[in-house]
>>> print(open('entry20.cif').read())   # mmCIF, C-alpha atoms and all ligand atoms
data_final
loop_
_atom_site.label_atom_id
_atom_site.label_comp_id
_atom_site.auth_asym_id
_atom_site.auth_seq_id
_atom_site.Cartn_x
_atom_site.Cartn_y
_atom_site.Cartn_z
CA MET A 769 5.30 7.43 -25.97
CA ASN A 770 7.98 4.78 -25.74
CA SER A 771 7.30 1.76 -23.55
CA ARG A 772 9.94 2.62 -20.94
CA LEU A 773 8.42 6.04 -20.41
CA ALA A 774 4.90 4.58 -20.30
CA PHE A 775 6.05 2.09 -17.71
CA ALA A 776 7.76 4.74 -15.59
CA LEU A 777 4.62 6.91 -15.64
CA ALA A 778 2.41 3.94 -14.80
CA SER A 779 4.64 3.03 -11.83
CA LEU A 780 4.60 6.60 -10.62
CA ALA A 781 0.84 6.81 -10.91
CA LEU A 782 0.39 3.52 -9.09
CA SER A 783 2.65 4.51 -6.23
CA ALA A 784 0.72 7.76 -5.98
CA GLY A 785 -2.43 5.68 -5.68
CA CYS A 786 -3.95 6.75 -9.04
CA VAL A 787 -3.93 3.46 -10.97
CA GLN A 788 -6.54 0.79 -10.44
CA ALA A 789 -5.41 -2.57 -9.18
CA LEU A 790 -5.67 -5.75 -11.25
CA ASP A 791 -9.39 -6.30 -11.59
CA ASN A 792 -9.83 -10.08 -11.59
CA GLY A 793 -12.12 -9.99 -8.55
CA LEU A 794 -9.97 -12.53 -6.66
CA ALA A 795 -8.24 -12.58 -3.27
CA ARG A 796 -10.40 -9.89 -1.70
CA THR A 797 -8.93 -11.15 1.58
CA PRO A 798 -5.41 -12.65 1.78
CA PRO A 799 -5.35 -16.15 0.19
CA MET A 800 -5.24 -19.09 2.62
CA GLY A 801 -4.08 -22.59 1.80
CA TRP A 802 -1.17 -25.02 1.80
CA ASN A 803 1.95 -25.17 -0.37
CA SER A 804 4.26 -28.16 -0.75
CA TRP A 805 7.62 -26.33 -0.84
CA ASN A 806 8.65 -25.48 2.74
CA LYS A 807 8.33 -29.07 3.98
CA PHE A 808 8.65 -31.27 0.90
CA GLY A 809 10.75 -29.31 -1.59
CA CYS A 810 11.00 -31.22 -4.87
CA ASN A 811 9.56 -34.37 -3.33
CA VAL A 812 6.03 -33.79 -4.68
CA SER A 813 3.57 -36.35 -6.05
CA GLU A 814 -0.15 -36.70 -6.59
CA ASP A 815 -0.30 -38.95 -3.55
CA LEU A 816 1.24 -36.24 -1.35
CA VAL A 817 -1.09 -33.58 -2.73
CA ARG A 818 -4.24 -35.73 -2.33
CA LYS A 819 -3.30 -36.53 1.25
CA ALA A 820 -2.63 -32.87 2.05
CA ALA A 821 -6.04 -31.95 0.64
CA GLU A 822 -7.75 -34.69 2.63
CA ALA A 823 -5.93 -33.60 5.80
CA MET A 824 -6.95 -30.00 5.22
CA VAL A 825 -10.58 -31.09 5.38
CA ARG A 826 -10.18 -33.69 8.18
CA THR A 827 -8.25 -31.40 10.53
CA GLY A 828 -10.78 -28.57 10.28
CA MET A 829 -8.37 -26.30 8.43
CA LYS A 830 -10.82 -25.99 5.55
CA ASP A 831 -13.54 -24.93 8.00
CA ALA A 832 -11.10 -22.39 9.46
CA GLY A 833 -10.75 -20.79 6.00
CA TYR A 834 -7.87 -22.58 4.23
CA GLU A 835 -8.74 -23.14 0.58
CA TYR A 836 -5.87 -23.43 -1.92
CA ILE A 837 -3.73 -26.57 -2.29
CA VAL A 838 -0.65 -25.44 -4.21
CA ILE A 839 1.92 -27.74 -5.84
CA ASP A 840 5.20 -25.85 -5.87
CA ASP A 841 8.24 -26.61 -8.04
CA CYS A 842 9.20 -29.96 -9.62
CA TRP A 843 5.81 -31.26 -10.80
CA GLN A 844 6.87 -30.64 -14.42
CA VAL A 845 9.55 -32.49 -16.42
CA SER A 846 9.61 -31.32 -20.04
CA ARG A 847 7.67 -29.95 -23.01
CA ASP A 848 6.21 -32.15 -25.71
CA GLY A 849 6.73 -31.67 -29.47
CA ASP A 850 4.03 -28.98 -29.53
CA GLY A 851 5.58 -27.12 -26.63
CA ASN A 852 2.96 -28.22 -24.09
CA ILE A 853 4.20 -28.52 -20.53
CA VAL A 854 4.41 -32.15 -19.36
CA ALA A 855 3.79 -33.20 -15.76
CA ASP A 856 6.04 -35.91 -14.26
CA PRO A 857 4.31 -39.09 -15.56
CA VAL A 858 5.52 -41.20 -12.63
CA ARG A 859 4.80 -38.87 -9.73
CA PHE A 860 1.60 -37.49 -11.26
CA HIS A 861 0.50 -40.58 -13.18
CA SER A 862 -3.22 -39.66 -13.18
CA GLY A 863 -2.40 -36.21 -14.56
CA ILE A 864 -2.95 -32.75 -13.14
CA LYS A 865 -6.55 -32.51 -14.38
CA ALA A 866 -7.61 -35.59 -12.38
CA LEU A 867 -5.80 -34.23 -9.32
CA ALA A 868 -7.50 -30.84 -9.65
CA ASP A 869 -10.88 -32.57 -10.05
CA TYR A 870 -10.25 -34.49 -6.84
CA VAL A 871 -9.18 -31.36 -4.93
CA HIS A 872 -12.31 -29.58 -6.20
CA SER A 873 -14.48 -32.52 -5.12
CA LEU A 874 -13.32 -31.83 -1.55
CA GLY A 875 -14.50 -28.22 -1.85
CA LEU A 876 -10.93 -26.89 -2.19
CA LYS A 877 -9.06 -25.06 -4.94
CA MET A 878 -5.98 -26.10 -6.88
CA GLY A 879 -2.77 -24.13 -7.36
CA ILE A 880 0.36 -24.74 -9.38
CA TYR A 881 3.81 -23.20 -9.89
CA SER A 882 5.85 -21.93 -12.80
CA ASP A 883 8.57 -19.39 -13.51
CA ALA A 884 8.89 -16.27 -15.67
CA GLY A 885 12.29 -17.38 -16.98
CA SER A 886 13.61 -20.21 -19.12
CA ALA A 887 13.71 -22.67 -16.21
CA THR A 888 12.30 -22.87 -12.67
CA CYS A 889 14.52 -22.63 -9.60
CA GLY A 890 14.50 -26.44 -9.53
CA GLY A 891 15.71 -26.55 -13.17
CA ARG A 892 12.35 -27.58 -14.68
CA PRO A 893 10.97 -25.87 -17.83
CA GLY A 894 9.96 -22.24 -17.21
CA SER A 895 7.14 -20.41 -18.98
CA ARG A 896 9.14 -17.81 -20.94
CA GLY A 897 7.85 -17.83 -24.52
CA HIS A 898 5.05 -20.25 -23.55
CA GLU A 899 2.97 -17.94 -21.35
CA TYR A 900 -0.31 -18.13 -23.30
CA GLN A 901 0.05 -21.85 -24.00
CA ASP A 902 0.71 -22.56 -20.31
CA ALA A 903 -2.12 -20.34 -19.09
CA ARG A 904 -4.54 -22.13 -21.46
CA GLN A 905 -3.28 -25.47 -20.20
CA TYR A 906 -3.72 -24.47 -16.55
CA ALA A 907 -7.28 -23.31 -17.29
CA GLN A 908 -8.06 -26.62 -19.02
CA TRP A 909 -6.75 -28.51 -16.01
CA GLY A 910 -8.92 -26.44 -13.64
CA ILE A 911 -6.13 -24.52 -11.92
CA ASP A 912 -7.27 -21.69 -9.62
CA TYR A 913 -3.94 -20.20 -8.44
CA LEU A 914 -0.54 -19.69 -10.07
CA LYS A 915 2.67 -18.99 -8.17
CA TYR A 916 5.13 -17.54 -10.67
CA ASP A 917 8.81 -17.54 -9.74
CA TRP A 918 11.81 -15.50 -10.95
CA CYS A 919 14.76 -17.88 -11.49
CA ASN A 920 16.69 -17.92 -14.79
CA THR A 921 15.30 -14.62 -16.03
CA SER A 922 18.70 -13.12 -17.09
CA ASN A 923 18.01 -9.50 -18.08
CA GLN A 924 14.18 -9.68 -18.21
CA GLU A 925 12.37 -6.69 -16.71
CA ALA A 926 10.23 -7.88 -13.82
CA SER A 927 6.98 -5.92 -14.08
CA MET A 928 6.76 -6.48 -17.83
CA SER A 929 7.53 -10.19 -17.55
CA TYR A 930 4.85 -10.64 -14.92
CA ALA A 931 2.39 -8.56 -16.97
CA ILE A 932 2.71 -11.06 -19.85
CA MET A 933 1.49 -13.88 -17.63
CA ARG A 934 -1.19 -11.63 -16.10
CA ASP A 935 -2.57 -11.05 -19.61
CA ALA A 936 -2.23 -14.73 -20.53
CA LEU A 937 -4.20 -15.75 -17.43
CA ALA A 938 -6.90 -13.19 -18.22
CA ASP A 939 -7.03 -14.52 -21.79
CA SER A 940 -7.45 -18.10 -20.55
CA GLY A 941 -10.98 -17.26 -19.43
CA ARG A 942 -10.58 -18.90 -15.99
CA PRO A 943 -10.30 -16.87 -12.78
CA ILE A 944 -6.78 -17.65 -11.53
CA VAL A 945 -5.16 -15.95 -8.52
CA PHE A 946 -1.77 -14.61 -9.65
CA SER A 947 1.01 -14.89 -7.06
CA ILE A 948 4.15 -12.95 -8.00
CA CYS A 949 7.31 -14.49 -6.56
CA GLU A 950 10.05 -12.00 -7.46
CA TRP A 951 11.62 -11.87 -3.95
CA GLY A 952 11.26 -8.09 -3.61
CA ASN A 953 14.32 -7.08 -5.65
CA ALA A 954 12.38 -4.95 -8.15
CA ARG A 955 10.23 -3.44 -5.35
CA PRO A 956 7.07 -5.24 -6.55
CA TRP A 957 4.93 -3.36 -4.01
CA LEU A 958 5.28 -0.35 -6.37
CA TRP A 959 3.82 -2.16 -9.40
CA GLY A 960 2.38 -5.45 -8.11
CA ALA A 961 -1.20 -4.26 -7.55
CA ARG A 962 -1.87 -3.78 -11.26
CA VAL A 963 -0.17 -7.05 -12.18
CA GLY A 964 -0.98 -9.67 -9.54
CA ASN A 965 -2.98 -10.51 -6.44
CA LEU A 966 0.05 -10.90 -4.17
CA TRP A 967 3.77 -10.41 -4.42
CA ARG A 968 6.65 -11.81 -2.41
CA THR A 969 8.47 -8.98 -0.66
CA THR A 970 11.64 -10.85 0.36
CA THR A 971 13.98 -13.74 -0.15
CA ASP A 972 12.74 -17.20 0.95
CA ILE A 973 11.71 -17.73 4.54
CA THR A 974 13.74 -20.24 6.52
CA ASP A 975 12.53 -22.24 9.53
CA ARG A 976 14.27 -20.21 12.24
CA TRP A 977 13.52 -17.25 14.47
CA GLU A 978 16.35 -15.02 13.32
CA GLY A 979 19.36 -15.11 11.01
CA ARG A 980 20.17 -16.46 7.58
CA GLY A 981 19.44 -19.89 6.14
CA GLU A 982 22.31 -22.28 5.40
CA GLN A 983 22.52 -21.27 1.73
CA TYR A 984 19.99 -18.46 1.41
CA GLY A 985 16.80 -17.32 3.05
CA ALA A 986 15.93 -15.34 6.15
CA GLY A 987 14.46 -16.04 9.58
CA VAL A 988 11.08 -14.79 10.74
CA MET A 989 12.43 -11.67 12.50
CA ASN A 990 14.53 -10.69 9.46
CA ILE A 991 11.51 -11.06 7.18
CA VAL A 992 9.30 -9.07 9.55
CA ASP A 993 11.81 -6.20 9.65
CA MET A 994 11.58 -5.98 5.85
CA GLN A 995 7.76 -5.51 5.99
CA ALA A 996 7.69 -2.36 8.12
CA GLY A 997 7.02 0.66 5.88
CA ILE A 998 5.43 -1.04 2.86
CA GLU A 999 2.01 -1.62 4.43
CA GLN A 1000 0.31 1.12 2.41
CA TYR A 1001 0.67 -0.91 -0.80
CA ALA A 1002 -1.58 -3.77 0.36
CA GLY A 1003 -5.36 -3.94 0.14
CA PRO A 1004 -8.24 -6.15 -1.04
CA GLY A 1005 -7.12 -8.06 -4.15
CA HIS A 1006 -3.43 -7.10 -3.82
CA TRP A 1007 -1.25 -8.17 -0.89
CA ASN A 1008 2.31 -8.01 0.30
CA ASP A 1009 3.52 -11.61 0.69
CA PRO A 1010 6.22 -12.19 3.34
CA ASP A 1011 6.38 -15.85 2.17
CA MET A 1012 4.70 -19.04 3.27
CA LEU A 1013 4.37 -20.26 6.85
CA GLU A 1014 7.00 -22.42 8.54
CA VAL A 1015 4.63 -23.17 11.46
CA GLY A 1016 5.10 -26.82 12.44
CA ASN A 1017 8.28 -27.57 10.49
CA GLY A 1018 10.41 -28.18 13.58
CA GLY A 1019 13.01 -25.39 13.59
CA MET A 1020 11.26 -23.14 16.12
CA SER A 1021 9.46 -23.54 19.44
CA ASP A 1022 5.66 -23.57 19.62
CA MET A 1023 5.91 -20.12 21.23
CA GLU A 1024 7.90 -18.83 18.25
CA TYR A 1025 5.47 -20.40 15.78
CA ARG A 1026 2.60 -18.67 17.59
CA SER A 1027 4.46 -15.36 17.17
CA HIS A 1028 5.18 -16.10 13.48
CA PHE A 1029 1.49 -16.82 12.82
CA SER A 1030 0.32 -13.75 14.78
CA LEU A 1031 2.71 -11.49 12.86
CA TRP A 1032 1.51 -12.83 9.50
CA ALA A 1033 -2.08 -12.07 10.59
CA MET A 1034 -1.10 -8.52 11.58
CA LEU A 1035 0.56 -8.15 8.15
CA ALA A 1036 -2.61 -9.25 6.32
CA ALA A 1037 -0.28 -11.82 4.78
CA PRO A 1038 -1.37 -14.80 2.70
CA LEU A 1039 -1.65 -17.72 5.16
CA MET A 1040 -0.13 -20.61 3.21
CA ALA A 1041 0.63 -23.45 5.61
CA GLY A 1042 3.92 -25.12 4.70
CA ASN A 1043 3.98 -28.09 7.07
CA ASP A 1044 2.96 -31.75 6.91
CA LEU A 1045 -0.78 -31.49 7.54
CA GLU A 1046 -1.06 -35.23 8.13
CA ARG A 1047 1.32 -35.13 11.07
CA MET A 1048 0.58 -31.99 13.07
CA THR A 1049 0.88 -31.89 16.85
CA PRO A 1050 -2.20 -30.56 18.67
CA ALA A 1051 -0.24 -27.37 19.52
CA ILE A 1052 0.53 -26.68 15.85
CA HIS A 1053 -3.06 -27.46 14.86
CA ASP A 1054 -4.31 -24.97 17.46
CA ILE A 1055 -2.00 -22.27 16.11
CA LEU A 1056 -3.00 -22.77 12.47
CA THR A 1057 -6.72 -22.89 13.25
CA ASN A 1058 -7.01 -20.05 15.78
CA ARG A 1059 -10.06 -18.39 14.26
CA GLU A 1060 -9.71 -15.18 16.21
CA VAL A 1061 -6.19 -14.65 14.85
CA ILE A 1062 -7.29 -15.73 11.36
CA GLY A 1063 -10.12 -13.19 11.68
CA VAL A 1064 -7.53 -10.43 12.08
CA ASP A 1065 -5.74 -11.57 8.91
CA GLN A 1066 -8.98 -11.91 6.97
CA ASP A 1067 -10.68 -8.73 8.18
CA PRO A 1068 -12.61 -7.35 5.19
CA LEU A 1069 -11.15 -3.86 5.53
CA GLY A 1070 -7.92 -5.39 4.23
CA ILE A 1071 -5.66 -2.86 5.97
CA GLU A 1072 -2.18 -4.21 6.66
CA GLY A 1073 -0.89 -3.62 10.19
CA ARG A 1074 1.92 -1.16 10.89
CA ARG A 1075 4.68 -1.16 13.45
CA VAL A 1076 4.20 1.66 15.96
CA HIS A 1077 7.08 0.80 18.29
CA HIS A 1078 10.47 -0.80 17.58
CA GLY A 1079 12.75 -0.20 20.51
CA SER A 1080 16.16 -1.17 21.79
CA ASP A 1081 14.15 -2.66 24.69
CA GLY A 1082 13.37 -5.61 22.38
CA TRP A 1083 9.71 -4.64 22.12
CA ASP A 1084 7.81 -4.40 18.89
CA ILE A 1085 4.22 -3.19 18.84
CA TRP A 1086 2.08 -3.72 15.75
CA VAL A 1087 -1.40 -2.25 15.19
CA LYS A 1088 -3.99 -3.24 12.56
CA PRO A 1089 -7.30 -1.43 12.04
CA LEU A 1090 -10.31 -3.76 11.82
CA THR A 1091 -13.98 -3.44 10.94
CA GLY A 1092 -16.36 -2.22 13.67
CA ASN A 1093 -13.98 0.50 14.86
CA ARG A 1094 -11.75 -2.19 16.41
CA GLN A 1095 -7.97 -2.49 16.28
CA ALA A 1096 -5.76 -5.56 16.66
CA VAL A 1097 -2.66 -4.94 18.78
CA LEU A 1098 0.34 -7.25 18.91
CA LEU A 1099 2.96 -7.01 21.66
CA LEU A 1100 6.06 -8.92 20.52
CA ASN A 1101 8.97 -9.57 22.87
CA ARG A 1102 12.12 -10.14 20.80
CA GLY A 1103 14.30 -10.25 23.91
CA GLU A 1104 15.70 -13.28 25.70
CA ARG A 1105 13.74 -12.69 28.95
CA GLU A 1106 10.08 -12.24 29.82
CA GLN A 1107 9.19 -8.54 29.96
CA ALA A 1108 6.18 -6.50 30.97
CA MET A 1109 5.07 -4.57 27.89
CA THR A 1110 2.67 -1.64 27.61
CA VAL A 1111 0.75 -0.12 24.73
CA LYS A 1112 -0.66 3.37 25.28
CA TRP A 1113 -3.97 4.29 23.72
CA THR A 1114 -2.28 7.34 22.21
CA GLU A 1115 -0.16 4.91 20.15
CA LEU A 1116 -3.45 3.69 18.66
CA GLY A 1117 -4.62 7.20 17.86
CA LEU A 1118 -7.09 7.14 20.78
CA ASP A 1119 -7.47 9.74 23.53
CA ALA A 1120 -5.20 9.07 26.50
CA ASP A 1121 -8.07 8.83 29.00
CA ARG A 1122 -10.33 6.67 26.83
CA SER A 1123 -11.89 3.49 28.30
CA VAL A 1124 -11.46 0.62 25.89
CA THR A 1125 -12.48 -3.07 26.02
CA VAL A 1126 -9.69 -5.59 25.47
CA ARG A 1127 -9.93 -9.21 24.29
CA ASP A 1128 -7.02 -11.68 24.27
CA LEU A 1129 -6.98 -13.75 21.04
CA TRP A 1130 -4.71 -16.55 22.28
CA GLU A 1131 -6.35 -16.91 25.72
CA HIS A 1132 -9.79 -16.44 24.09
CA LYS A 1133 -10.71 -14.20 27.02
CA ASP A 1134 -12.24 -10.76 27.55
CA LEU A 1135 -9.89 -8.81 29.76
CA GLY A 1136 -12.40 -6.08 30.65
CA THR A 1137 -12.15 -2.32 30.19
CA LYS A 1138 -8.80 -0.54 30.37
CA LYS A 1139 -8.17 3.18 30.67
CA GLY A 1140 -5.20 4.84 28.96
CA SER A 1141 -3.12 1.78 28.25
CA PHE A 1142 -2.80 -2.00 28.42
CA SER A 1143 0.10 -3.87 30.03
CA SER A 1144 0.95 -7.54 30.09
CA PRO A 1145 3.92 -9.79 30.70
CA VAL A 1146 5.14 -11.19 27.37
CA PRO A 1147 7.37 -14.29 27.26
CA SER A 1148 10.69 -14.28 25.40
CA HIS A 1149 10.06 -14.64 21.63
CA GLY A 1150 6.35 -14.61 22.44
CA VAL A 1151 3.40 -12.36 21.77
CA VAL A 1152 0.28 -11.08 23.43
CA MET A 1153 -2.36 -10.37 20.80
CA VAL A 1154 -5.48 -8.43 21.65
CA VAL A 1155 -8.38 -6.69 19.95
CA VAL A 1156 -9.36 -3.34 21.45
CA GLN A 1157 -12.67 -1.58 20.97
CA PRO A 1158 -13.52 1.89 22.31
C1 LIG A 1201 12.19 -20.10 -5.06
C2 LIG A 1201 10.92 -19.61 -4.36
C3 LIG A 1201 10.47 -20.63 -3.35
C4 LIG A 1201 10.20 -21.95 -4.05
C5 LIG A 1201 11.44 -22.41 -4.81
C6 LIG A 1201 11.16 -23.61 -5.71
O1 LIG A 1201 13.26 -20.18 -4.17
O2 LIG A 1201 11.14 -18.36 -3.74
O3 LIG A 1201 9.31 -20.20 -2.66
O4 LIG A 1201 9.10 -21.80 -4.91
O5 LIG A 1201 11.95 -21.37 -5.65
O6 LIG A 1201 12.27 -24.02 -6.42
#
>>> encode(input="entry20.cif", output="structure tokens")
Amino acid sequence: MNSRLAFALASLALSAGCVQALDNGLARTPPMGWNSWNKFGCNVSEDLVRKAAEAMVRTGMKDAGYEYIVIDDCWQVSRDGDGNIVADPVRFHSGIKALADYVHSLGLKMGIYSDAGSATCGGRPGSRGHEYQDARQYAQWGIDYLKYDWCNTSNQEASMSYAIMRDALADSGRPIVFSICEWGNARPWLWGARVGNLWRTTTDITDRWEGRGEQYGAGVMNIVDMQAGIEQYAGPGHWNDPDMLEVGNGGMSDMEYRSHFSLWAMLAAPLMAGNDLERMTPAIHDILTNREVIGVDQDPLGIEGRRVHHGSDGWDIWVKPLTGNRQAVLLLNRGEREQAMTVKWTELGLDADRSVTVRDLWEHKDLGTKKGSFSSPVPSHGVVMVVVQP
């Protein structure tokens, strides 16, 4: 069988649910952590990364479940005469191994970034042709997570390119979460589960509610609209990734950031904070550490939420099955005015006359037993997020 045919059959089998997912035992719930890119771009250094790790512990984010500290693009400058990747000797003067040791000493895990092409999006050396050498190097440094980007890949085929690094990571002997960052063009939800632990489904997020970024990128509502209908491809060990969080970066209101965070939890999305952890307002801290909302994201069933209502009324309703016969329900008001919103039990697959207990995850309050439906005022660009239990 030629390799194209084998690949086509494998993709078909996977989308029909017949092929096992990548079996590295990692990311059984969506990964949680912090990544340098959204706030700091190329301005990374060991000092920045150490301080982010310390802040993750000090602020209680670690206790809330955040674990991975990921250095995104621009940590690397060249390759040496043997082809080994070289970290920026000025910005990372102690070396990546010492930094990873420090991050581990805080009880956290270390992540790094590379690219499947000849160069990263920031123009640094990519891993093409050096996959096994790089994977061995990461393992020697103590890396636990690799984000692998898709710039400068010319006519490379995506699933095969990513499979090379998957195999290289497996060969390295160290368990390393594999984060595919292909932006959704090659429909990675169809093949990602057998290649990586998570895959970006869209272009880059930008720190705004709706619309396009200045050069590229998409606002939170645009990204969310691209997630509806691909939820069946996610599950323990293999997640759709609608990109990292913008919560706390200044382009949206606290209300909008609360909605952004709630939506990511409903999507069983990786929760990678992308803000300056050292300088969070109390409101942003409370959003990022809301354990009841995080509990929805991290529910061990690992079922991604689905949109059950998307109306011209500006309402969206999302539903996510949870353990213990519970369901999380998110009422999202995309309109410009406060509205009273209603979810009917029949929209949750429950009998119309069923009595169901309702708990509000942002008010941290039991709202009692409701029959048939639940209604609440929802502010403009805000959410009401509840867990219901028959
Ligand atoms: C791409 C990725 C981003 C980020 C940058 C770094 O745009 O999608 O998440 O990693 O590259 O250059």
>>> closest_residue(input="entry20.cif", among="A:Trp1007, A:Pro798, A:Gly1042, A:Gly1063", to="Ile839 (chain A)", atoms="all atoms listed in the file")
A:Gly1042
>>> closest_residue(input="entry20.cif", among="A:Arg1026, A:Arg826, A:Lys915, A:Arg1122", to="ligand LIG 1201 (chain A)", atoms="all atoms listed in the file")
A:Lys915
>>> closest_residue(input="entry20.cif", among="A:Cys889, A:Ala820, A:Cys810, A:Leu1090", to="ligand LIG 1201 (chain A)", atoms="only C-alpha atoms and all ligand atoms")
A:Cys889
>>> residues_near_ligand(input="entry20.cif", ligand="ligand LIG 1201 (chain A)", cutoff="7 Å", atoms="only C-alpha atoms and all ligand atoms", output="number ranges by chain")
A: 805, 840-841, 888-890, 917, 949, 951, 971-972
>>> atom_distance(input="entry20.cif", atom1="CA of Glu822 (chain A)", atom2="CA of Gly879 (chain A)")
15.4 Å
>>> residues_around(input="entry20.cif", residues="Arg847 (chain A)", least_positions_apart="6", cutoff="12 Å", atoms="all atoms listed in the file", output="list in words")
Ile853, Val854, Ala855, Asp856, Ala887, Arg892, Pro893, Gly894, Ser895, His898, Gln901 and Asp902 of chain A
>>> closest_residue(input="entry20.cif", among="A:Asp1128, A:Glu814, A:Asp935, A:Asp975", to="Asn1058 (chain A)", atoms="all atoms listed in the file")
A:Asp1128
>>> closest_residue(input="entry20.cif", among="A:Thr970, A:Asn1017, A:Gln908, A:Ser922", to="Gly952 (chain A)", atoms="all atoms listed in the file")
A:Thr970
>>> residues_around(input="entry20.cif", residues="Gln1107 (chain A)", least_positions_apart="6", cutoff="9 Å", atoms="all atoms listed in the file", output="PyMOL selection string")
chain A and resi 1083+1101+1144-1148
>>> axis_aligned_box(input="entry20.cif", around="region 877-891 of chain A", padding_each_side="3 Å", output="JSON")
{"center_x": 3.3, "center_y": -21.4, "center_z": -12.0, "size_x": 30.8, "size_y": 16.3, "size_z": 20.2}
>>> atom_distance(input="entry20.cif", atom1="CA of Cys919 (chain A)", atom2="CA of Arg942 (chain A)")
25.8 Å
>>> residues_around(input="entry20.cif", residues="Ile1071 (chain A)", least_positions_apart="5", cutoff="9 Å", atoms="all atoms listed in the file", output="JSON, numbers by chain")
{"A": [999, 1000, 1002, 1003, 1004, 1035, 1036, 1088, 1089, 1090]}
>>> atom_distance(input="entry20.cif", atom1="CA of Val1087 (chain A)", atom2="CA of Leu1069 (chain A)")
13.8 Å
>>> residues_around(input="entry20.cif", residues="Val817 (chain A)", least_positions_apart="4", cutoff="12 Å", atoms="only C-alpha atoms", output="PyMOL selection string")
chain A and resi 802-805+808+811-813+821-824+836-840+843+859-860+864+866-868+870-871+876-880+1044-1046
>>> closest_residue(input="entry20.cif", among="A:Pro1068, A:Gly1092, A:Gly964, A:Gly1140", to="Val1111 (chain A)", atoms="all atoms listed in the file")
A:Gly1140
>>> residues_around(input="entry20.cif", residues="Arg962 (chain A)", least_positions_apart="2", cutoff="7 Å", atoms="all atoms listed in the file", output="list in words")
Gln788, Ala789, Leu790, Trp959, Gly960 and Gly964 of chain A
>>> residues_near_point(input="entry20.cif", point="(8.0, -14.7, 1.4)", cutoff="7 Å", atoms="all atoms listed in the file", output="PyMOL selection string")
chain A and resi 968-973+1009-1012
>>> decode(input="entry20.cif", residues="region 829-840 of chain A", atoms="N, CA, C and O atoms", output="PDB file, in the first residue's frame")
ATOM      1  N   MET A 829      -2.271  29.831  41.866  1.00  0.00           N
ATOM      2  CA  MET A 829      -2.663  29.211  40.595  1.00  0.00           C
ATOM      3  C   MET A 829      -2.227  27.744  40.540  1.00  0.00           C
ATOM      4  O   MET A 829      -2.938  26.895  40.034  1.00  0.00           O
ATOM      5  N   LYS A 830      -1.054  27.483  41.091  1.00  0.00           N
ATOM      6  CA  LYS A 830      -0.605  26.074  41.113  1.00  0.00           C
ATOM      7  C   LYS A 830      -1.612  25.227  41.891  1.00  0.00           C
ATOM      8  O   LYS A 830      -2.024  24.154  41.431  1.00  0.00           O
ATOM      9  N   ASP A 831      -2.031  25.723  43.053  1.00  0.00           N
ATOM     10  CA  ASP A 831      -2.998  24.962  43.861  1.00  0.00           C
ATOM     11  C   ASP A 831      -4.323  24.800  43.130  1.00  0.00           C
ATOM     12  O   ASP A 831      -5.054  23.848  43.368  1.00  0.00           O
ATOM     13  N   ALA A 832      -4.632  25.743  42.241  1.00  0.00           N
ATOM     14  CA  ALA A 832      -5.894  25.652  41.479  1.00  0.00           C
ATOM     15  C   ALA A 832      -5.762  24.691  40.292  1.00  0.00           C
ATOM     16  O   ALA A 832      -6.743  24.450  39.593  1.00  0.00           O
ATOM     17  N   GLY A 833      -4.548  24.192  40.028  1.00  0.00           N
ATOM     18  CA  GLY A 833      -4.386  23.173  38.981  1.00  0.00           C
ATOM     19  C   GLY A 833      -3.423  23.532  37.855  1.00  0.00           C
ATOM     20  O   GLY A 833      -3.117  22.695  37.008  1.00  0.00           O
ATOM     21  N   TYR A 834      -2.944  24.774  37.812  1.00  0.00           N
ATOM     22  CA  TYR A 834      -2.018  25.160  36.731  1.00  0.00           C
ATOM     23  C   TYR A 834      -0.668  24.479  36.968  1.00  0.00           C
ATOM     24  O   TYR A 834      -0.177  24.425  38.094  1.00  0.00           O
ATOM     25  N   GLU A 835      -0.040  24.030  35.885  1.00  0.00           N
ATOM     26  CA  GLU A 835       1.116  23.147  36.052  1.00  0.00           C
ATOM     27  C   GLU A 835       2.273  23.463  35.098  1.00  0.00           C
ATOM     28  O   GLU A 835       3.432  23.473  35.501  1.00  0.00           O
ATOM     29  N   TYR A 836       1.976  23.702  33.818  1.00  0.00           N
ATOM     30  CA  TYR A 836       3.043  23.850  32.825  1.00  0.00           C
ATOM     31  C   TYR A 836       3.441  25.318  32.659  1.00  0.00           C
ATOM     32  O   TYR A 836       2.591  26.186  32.492  1.00  0.00           O
ATOM     33  N   ILE A 837       4.752  25.568  32.665  1.00  0.00           N
ATOM     34  CA  ILE A 837       5.293  26.894  32.357  1.00  0.00           C
ATOM     35  C   ILE A 837       5.948  26.743  30.982  1.00  0.00           C
ATOM     36  O   ILE A 837       6.943  26.018  30.839  1.00  0.00           O
ATOM     37  N   VAL A 838       5.376  27.391  29.984  1.00  0.00           N
ATOM     38  CA  VAL A 838       5.825  27.153  28.602  1.00  0.00           C
ATOM     39  C   VAL A 838       6.492  28.411  28.031  1.00  0.00           C
ATOM     40  O   VAL A 838       5.885  29.485  27.978  1.00  0.00           O
ATOM     41  N   ILE A 839       7.747  28.245  27.593  1.00  0.00           N
ATOM     42  CA  ILE A 839       8.441  29.328  26.883  1.00  0.00           C
ATOM     43  C   ILE A 839       8.059  29.197  25.421  1.00  0.00           C
ATOM     44  O   ILE A 839       8.342  28.179  24.795  1.00  0.00           O
ATOM     45  N   ASP A 840       7.441  30.233  24.878  1.00  0.00           N
ATOM     46  CA  ASP A 840       7.049  30.192  23.464  1.00  0.00           C
ATOM     47  C   ASP A 840       8.241  30.607  22.596  1.00  0.00           C
ATOM     48  O   ASP A 840       9.407  30.406  22.962  1.00  0.00           O
TER      49      ASP A 840
END
